[in-house]
file entry35.txt (compact mmCIF, C-alpha atoms and all ligand atoms)
# COMPACT_ATOMS: atom_id res chain seq x y z
CA MET I 7 170.75 -50.72 -85.49
CA SER I 8 171.68 -54.30 -84.67
CA MET I 9 175.30 -53.53 -83.87
CA PRO I 10 174.77 -50.99 -81.10
CA VAL I 11 172.14 -53.24 -79.52
CA ALA I 12 174.50 -56.19 -79.51
CA ALA I 13 177.20 -54.03 -77.98
CA ALA I 14 174.79 -52.74 -75.35
CA THR I 15 173.86 -56.31 -74.44
CA ASP I 16 177.51 -57.11 -73.83
CA SER I 17 178.45 -53.88 -72.09
CA PRO I 18 179.68 -54.06 -68.50
CA ALA I 19 176.87 -51.71 -67.47
CA SER I 20 174.24 -54.23 -68.48
CA ARG I 21 175.79 -57.30 -66.85
CA GLY I 22 173.95 -58.60 -63.81
CA ARG I 23 170.87 -56.71 -64.90
CA ALA I 24 168.39 -59.13 -63.40
CA ALA I 25 169.72 -58.40 -59.91
CA ARG I 26 169.79 -54.63 -60.33
CA GLY I 27 166.89 -53.68 -62.53
CA LEU I 28 167.28 -51.93 -65.83
CA PHE I 29 167.89 -48.28 -66.62
CA ILE I 30 166.42 -47.08 -69.92
CA VAL I 31 166.58 -43.48 -71.11
CA LEU I 32 164.63 -41.83 -73.92
CA GLU I 33 166.43 -38.93 -75.52
CA GLY I 34 166.01 -36.53 -78.39
CA PRO I 35 165.52 -32.90 -79.29
CA GLU I 36 162.45 -30.79 -78.57
CA GLY I 37 159.25 -32.37 -79.88
CA SER I 38 160.94 -35.64 -80.83
CA GLY I 39 158.34 -37.65 -78.90
CA LYS I 40 160.22 -38.54 -75.70
CA THR I 41 157.36 -37.92 -73.30
CA THR I 42 154.89 -39.67 -75.61
CA GLN I 43 157.11 -42.74 -75.95
CA VAL I 44 158.01 -42.85 -72.26
CA GLY I 45 154.26 -43.00 -71.59
CA ARG I 46 153.77 -45.81 -74.11
CA LEU I 47 156.74 -47.74 -72.76
CA VAL I 48 155.64 -47.47 -69.15
CA ALA I 49 152.12 -48.60 -70.11
CA TRP I 50 153.56 -51.61 -71.95
CA LEU I 51 155.75 -52.55 -68.98
CA ALA I 52 152.66 -52.37 -66.76
CA THR I 53 150.80 -54.83 -69.00
CA LEU I 54 153.80 -57.17 -68.70
CA GLY I 55 153.64 -56.84 -64.90
CA ILE I 56 157.15 -55.39 -64.73
CA PRO I 57 157.76 -53.01 -61.79
CA THR I 58 158.59 -49.64 -63.31
CA LEU I 59 159.65 -46.18 -62.19
CA ARG I 60 159.09 -43.23 -64.52
CA VAL I 61 161.21 -40.12 -64.03
CA ARG I 62 161.75 -36.91 -65.94
CA GLU I 63 164.60 -34.43 -66.12
CA PRO I 64 165.12 -31.88 -64.92
CA GLY I 65 162.92 -32.67 -61.95
CA GLY I 66 161.55 -35.92 -60.62
CA THR I 67 162.10 -34.97 -56.97
CA ALA I 68 160.77 -32.06 -54.88
CA ALA I 69 164.10 -30.22 -55.00
CA GLY I 70 164.58 -31.21 -58.63
CA GLU I 71 161.23 -29.67 -59.64
CA GLU I 72 162.31 -26.42 -57.91
CA ILE I 73 165.51 -26.48 -59.93
CA ARG I 74 163.46 -27.18 -63.07
CA ARG I 75 161.43 -24.04 -62.41
CA VAL I 76 164.59 -21.92 -62.03
CA LEU I 77 166.08 -23.40 -65.19
CA LEU I 78 163.09 -23.11 -67.48
CA ASP I 79 161.34 -19.95 -66.26
CA SER I 80 164.23 -17.64 -65.30
CA GLY I 81 165.64 -14.84 -67.35
CA HIS I 82 169.32 -15.29 -68.14
CA VAL I 83 171.10 -18.29 -66.61
CA PRO I 84 174.81 -18.41 -67.52
CA PRO I 85 175.65 -21.68 -69.35
CA ARG I 86 177.96 -22.98 -66.61
CA ALA I 87 175.30 -22.31 -63.99
CA GLU I 88 172.71 -24.02 -66.20
CA LEU I 89 174.91 -27.12 -66.37
CA LEU I 90 175.56 -27.20 -62.62
CA LEU I 91 171.88 -26.74 -61.79
CA LEU I 92 170.95 -29.59 -64.15
CA LEU I 93 173.62 -31.81 -62.64
CA ALA I 94 172.55 -30.93 -59.09
CA ALA I 95 168.99 -32.00 -59.97
CA ARG I 96 170.35 -35.19 -61.54
CA ALA I 97 172.48 -35.97 -58.49
CA ILE I 98 169.40 -35.73 -56.26
CA LEU I 99 167.29 -37.82 -58.65
CA VAL I 100 169.93 -40.56 -58.81
CA GLU I 101 170.37 -40.78 -55.04
CA GLU I 102 166.71 -40.42 -54.04
CA LYS I 103 164.98 -42.36 -56.78
CA ILE I 104 166.96 -44.08 -59.52
CA ARG I 105 169.61 -45.95 -57.55
CA PRO I 106 167.21 -47.30 -54.90
CA ALA I 107 164.78 -48.41 -57.63
CA LEU I 108 167.49 -50.23 -59.57
CA GLU I 109 168.70 -51.91 -56.40
CA ALA I 110 165.13 -53.14 -55.85
CA GLY I 111 165.13 -54.67 -59.34
CA THR I 112 162.85 -52.05 -60.91
CA VAL I 113 162.96 -50.95 -64.54
CA VAL I 114 163.63 -47.20 -64.55
CA VAL I 115 162.46 -45.23 -67.59
CA ALA I 116 163.84 -41.71 -67.79
CA ASP I 117 162.73 -38.81 -69.98
CA ARG I 118 166.26 -37.36 -70.62
CA TYR I 119 169.54 -37.99 -68.74
CA THR I 120 173.27 -37.60 -69.47
CA LEU I 121 173.00 -37.47 -73.25
CA SER I 122 170.87 -34.30 -72.97
CA SER I 123 173.64 -32.55 -71.03
CA LEU I 124 176.25 -33.59 -73.58
CA ALA I 125 174.10 -32.42 -76.50
CA TYR I 126 172.61 -29.20 -75.04
CA GLN I 127 175.30 -27.96 -72.68
CA GLY I 128 178.37 -29.68 -74.17
CA TYR I 129 177.66 -28.86 -77.81
CA GLY I 130 174.66 -26.49 -77.88
CA ARG I 131 176.09 -24.12 -75.25
CA GLY I 132 179.67 -24.90 -76.25
CA LEU I 133 180.90 -26.02 -72.82
CA GLY I 134 182.62 -29.08 -74.30
CA ALA I 135 181.35 -32.65 -74.18
CA GLU I 136 184.41 -33.98 -72.37
CA ARG I 137 184.12 -31.54 -69.52
CA VAL I 138 180.38 -32.06 -69.27
CA GLU I 139 180.86 -35.82 -69.16
CA GLU I 140 183.41 -35.55 -66.37
CA LEU I 141 181.11 -33.38 -64.26
CA ASP I 142 178.15 -35.62 -65.05
CA ASP I 143 180.10 -38.65 -63.91
CA PHE I 144 180.75 -36.87 -60.62
CA ALA I 145 177.07 -35.90 -60.25
CA THR I 146 175.71 -39.38 -60.93
CA GLY I 147 178.41 -41.26 -59.04
CA GLY I 148 179.07 -43.02 -62.33
CA LEU I 149 175.53 -44.39 -62.78
CA ARG I 150 175.02 -44.97 -66.49
CA PRO I 151 171.94 -46.14 -68.35
CA ASP I 152 171.82 -49.69 -69.70
CA LEU I 153 170.42 -48.29 -72.91
CA THR I 154 169.69 -44.82 -74.25
CA VAL I 155 167.19 -44.61 -77.10
CA LEU I 156 167.67 -41.52 -79.23
CA LEU I 157 164.52 -40.41 -81.06
CA ASP I 158 165.97 -38.72 -84.10
CA VAL I 159 163.91 -35.99 -85.79
CA PRO I 160 164.98 -32.92 -87.75
CA VAL I 161 164.54 -29.55 -86.01
CA GLU I 162 161.63 -28.66 -88.30
CA VAL I 163 159.64 -31.78 -87.37
CA GLY I 164 159.96 -31.10 -83.66
CA GLU I 165 158.98 -27.46 -84.18
CA ALA I 166 155.96 -28.33 -86.28
CA ARG I 167 154.71 -30.84 -83.70
CA ARG I 168 155.09 -28.39 -80.86
CA ARG I 169 153.36 -25.68 -82.84
CA ALA I 170 150.50 -28.04 -83.74
CA ALA I 171 150.09 -28.91 -80.06
CA GLY I 172 150.04 -25.21 -79.13
CA LEU I 173 152.97 -25.69 -76.74
CA VAL I 174 154.62 -22.56 -75.35
CA ASP I 175 158.41 -22.42 -75.50
CA ASP I 176 160.35 -22.20 -72.25
CA ARG I 177 163.71 -20.45 -71.85
CA ILE I 178 165.81 -23.25 -73.34
CA GLU I 179 163.38 -23.89 -76.19
CA GLN I 180 163.54 -20.20 -77.11
CA ALA I 181 167.30 -20.43 -77.69
CA GLY I 182 166.78 -20.33 -81.44
CA ARG I 183 166.90 -22.57 -84.47
CA GLU I 184 170.70 -22.54 -84.82
CA PHE I 185 171.10 -23.73 -81.26
CA HIS I 186 168.60 -26.53 -81.83
CA ARG I 187 170.28 -27.53 -85.06
CA ARG I 188 173.55 -27.92 -83.14
CA VAL I 189 171.73 -30.03 -80.59
CA VAL I 190 170.25 -32.37 -83.24
CA GLU I 191 173.66 -32.76 -84.88
CA ALA I 192 175.31 -33.32 -81.51
CA TYR I 193 172.87 -36.09 -80.62
CA ARG I 194 173.67 -37.88 -83.88
CA LEU I 195 177.41 -37.47 -83.40
CA LEU I 196 177.27 -38.69 -79.79
CA ALA I 197 175.23 -41.74 -80.80
CA GLN I 198 177.86 -42.78 -83.34
CA SER I 199 180.59 -43.15 -80.74
CA ARG I 200 178.52 -44.72 -77.97
CA PRO I 201 177.57 -48.37 -78.04
CA ASP I 202 174.91 -47.85 -75.37
CA VAL I 203 173.01 -45.31 -77.50
CA VAL I 204 170.67 -46.58 -80.20
CA VAL I 205 169.05 -44.32 -82.76
CA VAL I 206 165.40 -44.72 -83.66
CA ASP I 207 163.82 -42.76 -86.51
CA GLY I 208 161.32 -40.59 -84.65
CA THR I 209 159.60 -39.11 -87.69
CA GLY I 210 157.04 -41.89 -88.21
CA PRO I 211 153.61 -42.18 -86.55
CA VAL I 212 153.52 -42.69 -82.76
CA ASP I 213 152.55 -46.39 -83.06
CA GLU I 214 155.40 -47.09 -85.45
CA VAL I 215 157.99 -45.45 -83.19
CA GLU I 216 156.54 -47.37 -80.25
CA ARG I 217 156.96 -50.67 -82.10
CA ALA I 218 160.56 -49.78 -82.97
CA VAL I 219 161.34 -49.04 -79.32
CA ARG I 220 159.76 -52.32 -78.16
CA ARG I 221 161.65 -54.29 -80.79
CA LEU I 222 164.88 -52.73 -79.66
CA LEU I 223 164.29 -53.53 -76.00
CA THR I 224 163.19 -57.12 -76.56
CA ARG I 225 166.33 -57.71 -78.61
CA ALA I 226 168.67 -56.01 -76.20
CA PHE I 227 167.19 -57.46 -72.98
CA PRO I 228 165.42 -60.73 -73.80
CA GLU I 229 165.46 -61.91 -70.17
CA THR I 230 163.60 -58.79 -69.00
CA PHE I 231 161.16 -58.76 -71.93
CA PRO I 232 160.49 -62.45 -72.53
CA CYS I 233 157.09 -61.87 -74.12
CA GLY I 234 158.50 -60.54 -77.37
CA GLU I 235 157.07 -57.36 -78.77
CA GLY I 236 153.71 -57.76 -77.06
N1 LIG I 301 155.48 -39.84 -83.78
C1 LIG I 301 154.75 -38.73 -83.68
N2 LIG I 301 154.10 -38.23 -84.75
C2 LIG I 301 153.36 -37.10 -84.64
N3 LIG I 301 153.24 -36.37 -83.52
C3 LIG I 301 153.87 -36.80 -82.43
C4 LIG I 301 154.68 -37.99 -82.45
N4 LIG I 301 155.19 -38.18 -81.22
C5 LIG I 301 154.75 -37.16 -80.47
N5 LIG I 301 153.96 -36.32 -81.18
C6 LIG I 301 153.30 -35.09 -80.72
O1 LIG I 301 154.29 -34.07 -80.76
C7 LIG I 301 154.23 -33.26 -79.61
C8 LIG I 301 155.56 -33.38 -78.84
O2 LIG I 301 155.69 -34.72 -78.37
P1 LIG I 301 156.34 -35.03 -76.97
O3 LIG I 301 155.86 -34.06 -75.94
O4 LIG I 301 156.18 -36.47 -76.69
O5 LIG I 301 157.87 -34.71 -77.33
P2 LIG I 301 159.10 -34.43 -76.34
O6 LIG I 301 160.28 -35.00 -77.03
O7 LIG I 301 158.78 -34.93 -74.99
O8 LIG I 301 159.16 -32.85 -76.38
P3 LIG I 301 159.88 -31.86 -75.31
O9 LIG I 301 161.34 -31.91 -75.62
O10 LIG I 301 159.28 -30.55 -75.63
O11 LIG I 301 159.56 -32.35 -73.94
C9 LIG I 301 153.04 -33.73 -78.81
O12 LIG I 301 151.93 -32.94 -79.14
C10 LIG I 301 152.83 -35.16 -79.29
O13 LIG I 301 151.50 -35.57 -79.21
MG MG I 302 158.77 -33.99 -73.13

call {"tool": "encode", "arguments": {"input": "entry35.txt", "output": "structure tokens"}}
result
Amino acid sequence: MSMPVAAATDSPASRGRAARGLFIVLEGPEGSGKTTQVGRLVAWLATLGIPTLRVREPGGTAAGEEIRRVLLDSGHVPPRAELLLLLAARAILVEEKIRPALEAGTVVVADRYTLSSLAYQGYGRGLGAERVEELDDFATGGLRPDLTVLLDVPVEVGEARRRAAGLVDDRIEQAGREFHRRVVEAYRLLAQSRPDVVVVDGTGPVDEVERAVRRLLTRAFPETFPCGEG
């Protein structure tokens, strides 16, 4: 874990952070705990008095939430259309919310971003990670996260959690176990080749995962999180 964090600290994307805020993304398969940990992280940042913007994908803007509805509640959406809709929502979110917040020095915490498209559409749907990355780069105008935290859980763990919570599957979640296995594997593979993605074991209790995320952030960005692990 220490190597990717060190690399992230030195990456061009993270230089000059103080002047342009910080862009942190939580990623992972269905039921991995993204929304839970985004909530914990945002609450922690609030106690530290750090200005924070929380966003979720797809959605996060009025038009983006409309696109989310089309994506998750429709019948069949062809994979290429699914990708383009997701990227359209992301393009709006970046321009309307994320970029202005970063320019104002805010810490932006996102529930999914580019890595989701690479894992779900690139690998899961078989559109190809390279092509997805190229289109994503166009959609975001090249805006990349300073750090992406991947909450790694096996498909079965995510399923069991969602079942226990009585959550109803949307269109993408209904895509089947094989699809979701590909997604989990893709996330792991993508993390290996990307210095700005750090893997956290998401199978432990919520508090334990939260501590791991805090530890990671205080190590990677000591000037933003000077209070240690709080
Ligand atoms: N570490 C954990 N241990 C046990 N249960 C957890 C843990 N983290 C989250 N949960 C529970 O699992 C369920 C799914 O968590 P959460 O909604 O945070 O995941 P998610 O990654 O956002 O899922 P989705 O991809 O469906 O949005 C929730 O009921 C949540 O309370
Ligand atoms: Mg969620």

call {"tool": "residues_near_ligand", "arguments": {"input": "entry35.txt", "ligand": "ligand LIG 301 (chain I)", "cutoff": "6 Å", "atoms": "all atoms listed in the file", "output": "list in words"}}
result
Pro35, Glu36, Gly37, Ser38, Gly39, Lys40, Thr41, Thr42, Arg167, Arg168, Ala171, Gly208, Thr209, Gly210, Pro211 and Val212 of chain I

call {"tool": "residues_near_point", "arguments": {"input": "entry35.txt", "point": "(169.0, -28.2, -57.9)", "cutoff": "12 Å", "atoms": "all atoms listed in the file", "output": "ChimeraX atom specification"}}
result
/I:63-77,87-99,145

call {"tool": "closest_residue", "arguments": {"input": "entry35.txt", "among": "I:Asp79, I:Glu216, I:Glu102, I:Glu33", "to": "Thr146 in chain I", "atoms": "only C-alpha atoms"}}
result
I:Glu102

call {"tool": "closest_residue", "arguments": {"input": "entry35.txt", "among": "I:Pro151, I:Gly34, I:Leu173, I:Asp213", "to": "Arg194 in chain I", "atoms": "only C-alpha atoms"}}
result
I:Gly34

call {"tool": "residues_near_point", "arguments": {"input": "entry35.txt", "point": "(164.1, -57.6, -54.5)", "cutoff": "12 Å", "atoms": "all atoms listed in the file", "output": "JSON, numbers by chain"}}
result
{"I": [24, 25, 26, 27, 57, 106, 107, 108, 109, 110, 111, 112]}

call {"tool": "atom_distance", "arguments": {"input": "entry35.txt", "atom1": "CA of Tyr119 in chain I", "atom2": "CA of Ser80 in chain I"}}
result
21.3 Å

call {"tool": "atom_distance", "arguments": {"input": "entry35.txt", "atom1": "CA of Glu165 in chain I", "atom2": "CA of Asp202 in chain I"}}
result
27.3 Å

call {"tool": "atom_distance", "arguments": {"input": "entry35.txt", "atom1": "CA of Asp158 in chain I", "atom2": "CA of Val206 in chain I"}}
result
6.0 Å

call {"tool": "axis_aligned_box", "arguments": {"input": "entry35.txt", "around": "range 133-152 of chain I", "padding_each_side": "8 Å", "output": "lines of an AutoDock Vina configuration file"}}
result
center_x = 178.1
center_y = -37.9
center_z = -66.7
size_x = 28.6
size_y = 39.7
size_z = 31.3

call {"tool": "closest_residue", "arguments": {"input": "entry35.txt", "among": "I:Asp117, I:Asp207, I:Glu184, I:Glu214", "to": "Val161 in chain I", "atoms": "all atoms listed in the file"}}
result
I:Glu184

call {"tool": "residues_around", "arguments": {"input": "entry35.txt", "residues": "Arg187 in chain I", "least_positions_apart": "4", "cutoff": "9 Å", "atoms": "all atoms listed in the file", "output": "ChimeraX atom specification"}}
result
/I:130,160-161,182-183,191-192
